[in-house]
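Structure, as structure tokens:
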There are 2 protein chains.
Amino acid sequence: MTSPSNLFARMPRRLPDELFTTLLDAASVRIERIVCHGHASPGEFWYDQDQHEWVIVLKGAARLRFEDGSVELKPGNCLNIPAH
Amino acid sequence: MTSPSNLFARMPRRLPDELFTTLLDAASVRIERIVCHGHASPGEFWYDQDQHEWVIVLKGAARLRFEDGSVELKPGNCLNIPAH
């Protein structure tokens with residue numbers, strides 16, 4: 001039997017950069033916790049991933065910008081982002 | 001751009017059985033929301049899955065029983081359950 005970890009534990013007090021923590025890394029899926037405090041990726045930077053990404057906001061809020069608009073995410077909001 | 005859905009929306013008021021909602025069904029991963037109100041699987045029933053399962057409790061609490069003990073999960077607790 002494995003022991004549970006807690007997603008909300010070990011929150012840093014200071015956070016100079018976004019914090020990515022891999023919770024699970026399997027053959028075809030990776031689960032990450034991302035902690036941000038008002039961080040934003042650089043203005044001209046666009047993510048262009050080979051991998052599909054499914055995101056959910058659990059606390060706070062996030063804004064994702066796409067080529068055709070932006071979307072605000074609040075707790076419980078989840079979004080499927082196909083690769084490329 | 002796709003629109004976000006909300007995991008905490010459309011909660012049933014009455015819940016005679018556990019409610020499973022598939023949020024994403026892809027080639028090698030399925031994401032499900034499970035809503036329970038004090039439900040338990042039948043006493044002699046054991047899950048024995050071909051698939052690995054990673055679970056996280058977001059609200060309330062859950063208890064999972066394994067052959068070698070049980071584990072209590074509270075909000076934020078996550079657990080990787082290998083197949084078989």
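Going through the structure tokens in order, the chains are called A, B, and so on, while each chain numbers its residues from 1 and the ligands are numbered from 1 in the order shown.
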
Self-check item: Counting only C-alpha atoms, chain A residues within 6 Å of chain B, as a list in words
Solution: Pro4, Ser5, Asn6, Leu7, Phe8, Gly76, Asn77, Cys78 and Leu79 of chain A

Give the superposed chain A as a compact mmCIF listing (two decimals) with N, CA, C and O atoms, in the first residue's frame, the fit being least squares on chain B over all ordered C-alpha pairs.
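Wrote it out as part-v3.txt, contents follow:
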```txt
# COMPACT_ATOMS: atom_id res chain seq x y z
N MET A 1 -10.09 27.92 -29.81
CA MET A 1 -9.97 27.95 -28.35
C MET A 1 -11.16 27.23 -27.74
O MET A 1 -12.29 27.45 -28.13
N THR A 2 -10.88 26.34 -26.80
CA THR A 2 -11.96 25.62 -26.14
C THR A 2 -12.39 26.37 -24.88
O THR A 2 -11.64 27.16 -24.34
N SER A 3 -13.60 26.13 -24.43
CA SER A 3 -14.10 26.77 -23.22
C SER A 3 -13.91 25.85 -22.03
O SER A 3 -14.04 24.64 -22.15
N PRO A 4 -13.61 26.44 -20.86
CA PRO A 4 -13.43 25.60 -19.69
C PRO A 4 -14.77 25.09 -19.16
O PRO A 4 -15.79 25.75 -19.29
N SER A 5 -14.74 23.91 -18.57
CA SER A 5 -15.89 23.45 -17.80
C SER A 5 -15.51 23.57 -16.33
O SER A 5 -14.38 23.90 -16.00
N ASN A 6 -16.48 23.37 -15.44
CA ASN A 6 -16.15 23.48 -14.02
C ASN A 6 -16.46 22.18 -13.29
O ASN A 6 -17.58 21.69 -13.31
N LEU A 7 -15.42 21.66 -12.66
CA LEU A 7 -15.50 20.39 -11.95
C LEU A 7 -16.52 20.41 -10.83
O LEU A 7 -17.11 19.38 -10.48
N PHE A 8 -16.71 21.58 -10.24
CA PHE A 8 -17.60 21.68 -9.09
C PHE A 8 -19.03 22.07 -9.49
O PHE A 8 -19.89 22.25 -8.64
N ALA A 9 -19.26 22.22 -10.78
CA ALA A 9 -20.60 22.58 -11.25
C ALA A 9 -21.45 21.32 -11.41
O ALA A 9 -20.94 20.21 -11.44
N ARG A 10 -22.73 21.52 -11.56
CA ARG A 10 -23.69 20.43 -11.79
C ARG A 10 -23.58 19.33 -10.75
O ARG A 10 -23.56 18.15 -11.06
N MET A 11 -23.48 19.76 -9.49
CA MET A 11 -23.49 18.79 -8.40
C MET A 11 -24.93 18.36 -8.14
O MET A 11 -25.81 19.22 -7.98
N PRO A 12 -25.20 17.08 -8.11
CA PRO A 12 -26.57 16.63 -7.86
C PRO A 12 -26.97 16.89 -6.40
O PRO A 12 -26.14 16.79 -5.51
N ARG A 13 -28.24 17.22 -6.19
CA ARG A 13 -28.71 17.41 -4.81
C ARG A 13 -28.93 16.06 -4.15
O ARG A 13 -28.62 15.86 -3.00
N ARG A 14 -29.55 15.17 -4.90
CA ARG A 14 -29.73 13.82 -4.38
C ARG A 14 -28.79 12.90 -5.13
O ARG A 14 -28.57 13.06 -6.33
N LEU A 15 -28.24 11.95 -4.43
CA LEU A 15 -27.23 11.10 -5.06
C LEU A 15 -27.40 9.67 -4.57
O LEU A 15 -26.74 9.22 -3.64
N PRO A 16 -28.31 8.93 -5.22
CA PRO A 16 -28.53 7.55 -4.77
C PRO A 16 -27.31 6.65 -4.98
O PRO A 16 -27.09 5.73 -4.23
N ASP A 17 -26.51 6.95 -6.02
CA ASP A 17 -25.31 6.15 -6.29
C ASP A 17 -24.13 7.08 -6.54
O ASP A 17 -24.32 8.26 -6.80
N GLU A 18 -22.94 6.53 -6.46
CA GLU A 18 -21.77 7.32 -6.83
C GLU A 18 -21.95 7.82 -8.27
O GLU A 18 -22.49 7.12 -9.12
N LEU A 19 -21.49 9.02 -8.50
CA LEU A 19 -21.64 9.62 -9.83
C LEU A 19 -20.27 9.72 -10.51
O LEU A 19 -19.36 10.39 -10.00
N PHE A 20 -20.12 9.04 -11.64
CA PHE A 20 -18.88 9.07 -12.42
C PHE A 20 -19.11 9.92 -13.67
O PHE A 20 -20.04 9.64 -14.43
N THR A 21 -18.29 10.92 -13.87
CA THR A 21 -18.39 11.76 -15.06
C THR A 21 -17.03 11.78 -15.75
O THR A 21 -16.03 12.14 -15.14
N THR A 22 -17.01 11.36 -17.01
CA THR A 22 -15.76 11.38 -17.75
C THR A 22 -15.48 12.79 -18.25
O THR A 22 -16.29 13.36 -18.98
N LEU A 23 -14.35 13.34 -17.82
CA LEU A 23 -13.98 14.69 -18.23
C LEU A 23 -13.11 14.68 -19.48
O LEU A 23 -13.13 15.62 -20.27
N LEU A 24 -12.33 13.62 -19.62
CA LEU A 24 -11.46 13.49 -20.78
C LEU A 24 -11.28 12.00 -21.05
O LEU A 24 -11.05 11.23 -20.11
N ASP A 25 -11.38 11.62 -22.33
CA ASP A 25 -11.17 10.22 -22.68
C ASP A 25 -10.25 10.21 -23.89
O ASP A 25 -10.67 10.48 -25.01
N ALA A 26 -8.98 9.94 -23.65
CA ALA A 26 -7.98 9.97 -24.72
C ALA A 26 -7.41 8.57 -24.90
O ALA A 26 -7.83 7.62 -24.24
N ALA A 27 -6.45 8.44 -25.81
CA ALA A 27 -5.93 7.12 -26.17
C ALA A 27 -5.42 6.36 -24.95
O ALA A 27 -5.70 5.17 -24.79
N SER A 28 -4.70 7.02 -24.09
CA SER A 28 -4.06 6.28 -23.00
C SER A 28 -4.32 6.89 -21.63
O SER A 28 -3.64 6.53 -20.67
N VAL A 29 -5.28 7.78 -21.56
CA VAL A 29 -5.62 8.34 -20.25
C VAL A 29 -7.10 8.72 -20.22
O VAL A 29 -7.66 9.16 -21.22
N ARG A 30 -7.71 8.49 -19.08
CA ARG A 30 -9.10 8.91 -18.89
C ARG A 30 -9.16 9.69 -17.59
O ARG A 30 -8.58 9.27 -16.58
N ILE A 31 -9.82 10.84 -17.62
CA ILE A 31 -9.96 11.66 -16.41
C ILE A 31 -11.42 11.65 -16.02
O ILE A 31 -12.29 11.98 -16.82
N GLU A 32 -11.67 11.26 -14.77
CA GLU A 32 -13.04 11.13 -14.28
C GLU A 32 -13.24 11.96 -13.02
O GLU A 32 -12.36 12.03 -12.17
N ARG A 33 -14.41 12.55 -12.90
CA ARG A 33 -14.85 13.12 -11.64
C ARG A 33 -15.74 12.08 -10.95
O ARG A 33 -16.63 11.52 -11.59
N ILE A 34 -15.48 11.83 -9.70
CA ILE A 34 -16.31 10.90 -8.93
C ILE A 34 -16.91 11.66 -7.77
O ILE A 34 -16.20 12.27 -6.98
N VAL A 35 -18.25 11.65 -7.69
CA VAL A 35 -18.95 12.30 -6.58
C VAL A 35 -19.61 11.23 -5.73
O VAL A 35 -20.36 10.39 -6.25
N CYS A 36 -19.30 11.24 -4.46
CA CYS A 36 -19.90 10.26 -3.52
C CYS A 36 -20.40 11.03 -2.31
O CYS A 36 -19.84 12.05 -1.91
N HIS A 37 -21.44 10.49 -1.71
CA HIS A 37 -21.95 11.01 -0.44
C HIS A 37 -22.03 9.85 0.54
O HIS A 37 -23.10 9.26 0.71
N GLY A 38 -20.91 9.50 1.12
CA GLY A 38 -20.92 8.40 2.07
C GLY A 38 -21.16 7.04 1.45
O GLY A 38 -21.51 6.09 2.13
N HIS A 39 -20.97 6.94 0.12
CA HIS A 39 -21.16 5.64 -0.52
C HIS A 39 -19.97 4.74 -0.23
O HIS A 39 -18.86 5.20 -0.01
N ALA A 40 -20.21 3.46 -0.29
CA ALA A 40 -19.12 2.49 -0.17
C ALA A 40 -19.40 1.35 -1.13
O ALA A 40 -20.56 1.02 -1.40
N SER A 41 -18.34 0.79 -1.68
CA SER A 41 -18.56 -0.40 -2.51
C SER A 41 -18.92 -1.57 -1.59
O SER A 41 -18.59 -1.58 -0.41
N PRO A 42 -19.62 -2.56 -2.16
CA PRO A 42 -20.11 -3.67 -1.33
C PRO A 42 -18.97 -4.35 -0.57
O PRO A 42 -17.83 -4.42 -1.06
N GLY A 43 -19.27 -4.85 0.61
CA GLY A 43 -18.26 -5.38 1.53
C GLY A 43 -17.28 -6.37 0.95
O GLY A 43 -16.09 -6.32 1.23
N GLU A 44 -17.76 -7.27 0.12
CA GLU A 44 -16.87 -8.33 -0.39
C GLU A 44 -16.31 -8.00 -1.77
O GLU A 44 -15.64 -8.82 -2.39
N PHE A 45 -16.64 -6.81 -2.23
CA PHE A 45 -16.19 -6.42 -3.58
C PHE A 45 -14.80 -5.79 -3.51
O PHE A 45 -14.54 -4.92 -2.69
N TRP A 46 -13.88 -6.24 -4.38
CA TRP A 46 -12.55 -5.63 -4.48
C TRP A 46 -12.33 -5.17 -5.91
O TRP A 46 -12.57 -5.92 -6.85
N TYR A 47 -11.86 -3.93 -6.05
CA TYR A 47 -11.44 -3.47 -7.37
C TYR A 47 -10.16 -4.21 -7.76
O TYR A 47 -9.27 -4.39 -6.92
N ASP A 48 -10.09 -4.64 -9.02
CA ASP A 48 -8.88 -5.29 -9.52
C ASP A 48 -8.74 -4.84 -10.96
O ASP A 48 -9.29 -5.45 -11.88
N GLN A 49 -8.05 -3.73 -11.16
CA GLN A 49 -8.08 -3.04 -12.44
C GLN A 49 -6.87 -3.34 -13.31
O GLN A 49 -5.76 -3.45 -12.81
N ASP A 50 -7.12 -3.40 -14.61
CA ASP A 50 -6.04 -3.51 -15.59
C ASP A 50 -5.31 -2.18 -15.73
O ASP A 50 -4.21 -2.12 -16.27
N GLN A 51 -5.97 -1.12 -15.28
CA GLN A 51 -5.42 0.21 -15.49
C GLN A 51 -4.87 0.78 -14.19
O GLN A 51 -5.43 0.55 -13.13
N HIS A 52 -3.79 1.52 -14.31
CA HIS A 52 -3.30 2.27 -13.16
C HIS A 52 -4.30 3.38 -12.86
O HIS A 52 -4.99 3.87 -13.75
N GLU A 53 -4.35 3.79 -11.61
CA GLU A 53 -5.28 4.87 -11.25
C GLU A 53 -4.57 5.83 -10.30
O GLU A 53 -3.96 5.42 -9.31
N TRP A 54 -4.66 7.10 -10.62
CA TRP A 54 -4.12 8.15 -9.76
C TRP A 54 -5.32 8.94 -9.27
O TRP A 54 -6.12 9.42 -10.08
N VAL A 55 -5.48 9.03 -7.96
CA VAL A 55 -6.66 9.71 -7.42
C VAL A 55 -6.26 10.90 -6.58
O VAL A 55 -5.20 10.91 -5.95
N ILE A 56 -7.13 11.90 -6.56
CA ILE A 56 -6.95 13.04 -5.66
C ILE A 56 -8.33 13.40 -5.09
O ILE A 56 -9.33 13.37 -5.82
N VAL A 57 -8.36 13.66 -3.80
CA VAL A 57 -9.59 14.14 -3.17
C VAL A 57 -9.55 15.66 -3.15
O VAL A 57 -8.58 16.27 -2.69
N LEU A 58 -10.62 16.27 -3.67
CA LEU A 58 -10.64 17.74 -3.73
C LEU A 58 -11.55 18.34 -2.67
O LEU A 58 -11.30 19.43 -2.19
N LYS A 59 -12.62 17.65 -2.32
CA LYS A 59 -13.51 18.13 -1.26
C LYS A 59 -13.95 16.94 -0.42
O LYS A 59 -14.08 15.82 -0.95
N GLY A 60 -14.19 17.16 0.85
CA GLY A 60 -14.68 16.09 1.71
C GLY A 60 -13.56 15.13 2.09
O GLY A 60 -12.42 15.55 2.32
N ALA A 61 -13.87 13.87 2.12
CA ALA A 61 -12.90 12.86 2.53
C ALA A 61 -13.25 11.53 1.90
O ALA A 61 -14.38 11.33 1.43
N ALA A 62 -12.28 10.64 1.88
CA ALA A 62 -12.51 9.30 1.33
C ALA A 62 -11.67 8.30 2.09
O ALA A 62 -10.65 8.65 2.69
N ARG A 63 -12.11 7.08 2.09
CA ARG A 63 -11.32 6.02 2.69
C ARG A 63 -11.17 4.91 1.65
O ARG A 63 -12.16 4.45 1.08
N LEU A 64 -9.93 4.54 1.40
CA LEU A 64 -9.67 3.44 0.47
C LEU A 64 -9.13 2.26 1.25
O LEU A 64 -8.24 2.42 2.09
N ARG A 65 -9.67 1.10 0.96
CA ARG A 65 -9.21 -0.08 1.66
C ARG A 65 -8.41 -0.96 0.71
O ARG A 65 -8.85 -1.23 -0.41
N PHE A 66 -7.22 -1.35 1.14
CA PHE A 66 -6.37 -2.24 0.36
C PHE A 66 -6.24 -3.56 1.11
O PHE A 66 -6.65 -3.67 2.27
N GLU A 67 -5.65 -4.53 0.46
CA GLU A 67 -5.48 -5.82 1.13
C GLU A 67 -4.66 -5.67 2.41
O GLU A 67 -4.86 -6.40 3.38
N ASP A 68 -3.72 -4.74 2.42
CA ASP A 68 -2.82 -4.61 3.57
C ASP A 68 -3.09 -3.36 4.42
O ASP A 68 -2.21 -2.91 5.13
N GLY A 69 -4.30 -2.84 4.35
CA GLY A 69 -4.61 -1.70 5.22
C GLY A 69 -5.49 -0.69 4.51
O GLY A 69 -5.82 -0.86 3.34
N SER A 70 -5.89 0.33 5.23
CA SER A 70 -6.73 1.34 4.61
C SER A 70 -6.07 2.71 4.77
O SER A 70 -5.18 2.90 5.59
N VAL A 71 -6.50 3.63 3.93
CA VAL A 71 -5.90 4.97 3.93
C VAL A 71 -7.01 6.00 3.86
O VAL A 71 -8.00 5.83 3.15
N GLU A 72 -6.87 7.04 4.68
CA GLU A 72 -7.84 8.14 4.70
C GLU A 72 -7.31 9.25 3.81
O GLU A 72 -6.14 9.63 3.92
N LEU A 73 -8.16 9.78 2.98
CA LEU A 73 -7.76 10.86 2.09
C LEU A 73 -8.57 12.11 2.39
O LEU A 73 -9.79 12.05 2.48
N LYS A 74 -7.86 13.21 2.58
CA LYS A 74 -8.50 14.51 2.80
C LYS A 74 -8.19 15.43 1.63
O LYS A 74 -7.39 15.06 0.76
N PRO A 75 -8.79 16.60 1.59
CA PRO A 75 -8.57 17.46 0.42
C PRO A 75 -7.08 17.70 0.13
O PRO A 75 -6.32 18.06 1.03
N GLY A 76 -6.69 17.47 -1.08
CA GLY A 76 -5.30 17.62 -1.51
C GLY A 76 -4.55 16.31 -1.51
O GLY A 76 -3.51 16.20 -2.16
N ASN A 77 -5.04 15.32 -0.77
CA ASN A 77 -4.34 14.03 -0.72
C ASN A 77 -4.47 13.32 -2.06
O ASN A 77 -5.58 13.19 -2.60
N CYS A 78 -3.36 12.84 -2.58
CA CYS A 78 -3.38 12.11 -3.83
C CYS A 78 -2.59 10.83 -3.67
O CYS A 78 -1.70 10.73 -2.83
N LEU A 79 -2.95 9.86 -4.48
CA LEU A 79 -2.42 8.52 -4.31
C LEU A 79 -2.33 7.85 -5.68
O LEU A 79 -3.25 7.95 -6.48
N ASN A 80 -1.22 7.17 -5.92
CA ASN A 80 -1.07 6.41 -7.14
C ASN A 80 -1.36 4.94 -6.83
O ASN A 80 -0.76 4.36 -5.93
N ILE A 81 -2.30 4.37 -7.56
CA ILE A 81 -2.68 2.98 -7.33
C ILE A 81 -2.34 2.17 -8.57
O ILE A 81 -3.02 2.25 -9.59
N PRO A 82 -1.23 1.40 -8.51
CA PRO A 82 -0.83 0.61 -9.67
C PRO A 82 -1.90 -0.44 -10.02
O PRO A 82 -2.64 -0.88 -9.13
N ALA A 83 -1.94 -0.85 -11.26
CA ALA A 83 -2.89 -1.88 -11.70
C ALA A 83 -2.65 -3.16 -10.91
O ALA A 83 -1.51 -3.47 -10.57
N HIS A 84 -3.69 -3.88 -10.61
CA HIS A 84 -3.67 -5.17 -9.90
C HIS A 84 -2.98 -5.07 -8.54
O HIS A 84 -2.97 -4.04 -7.92
```
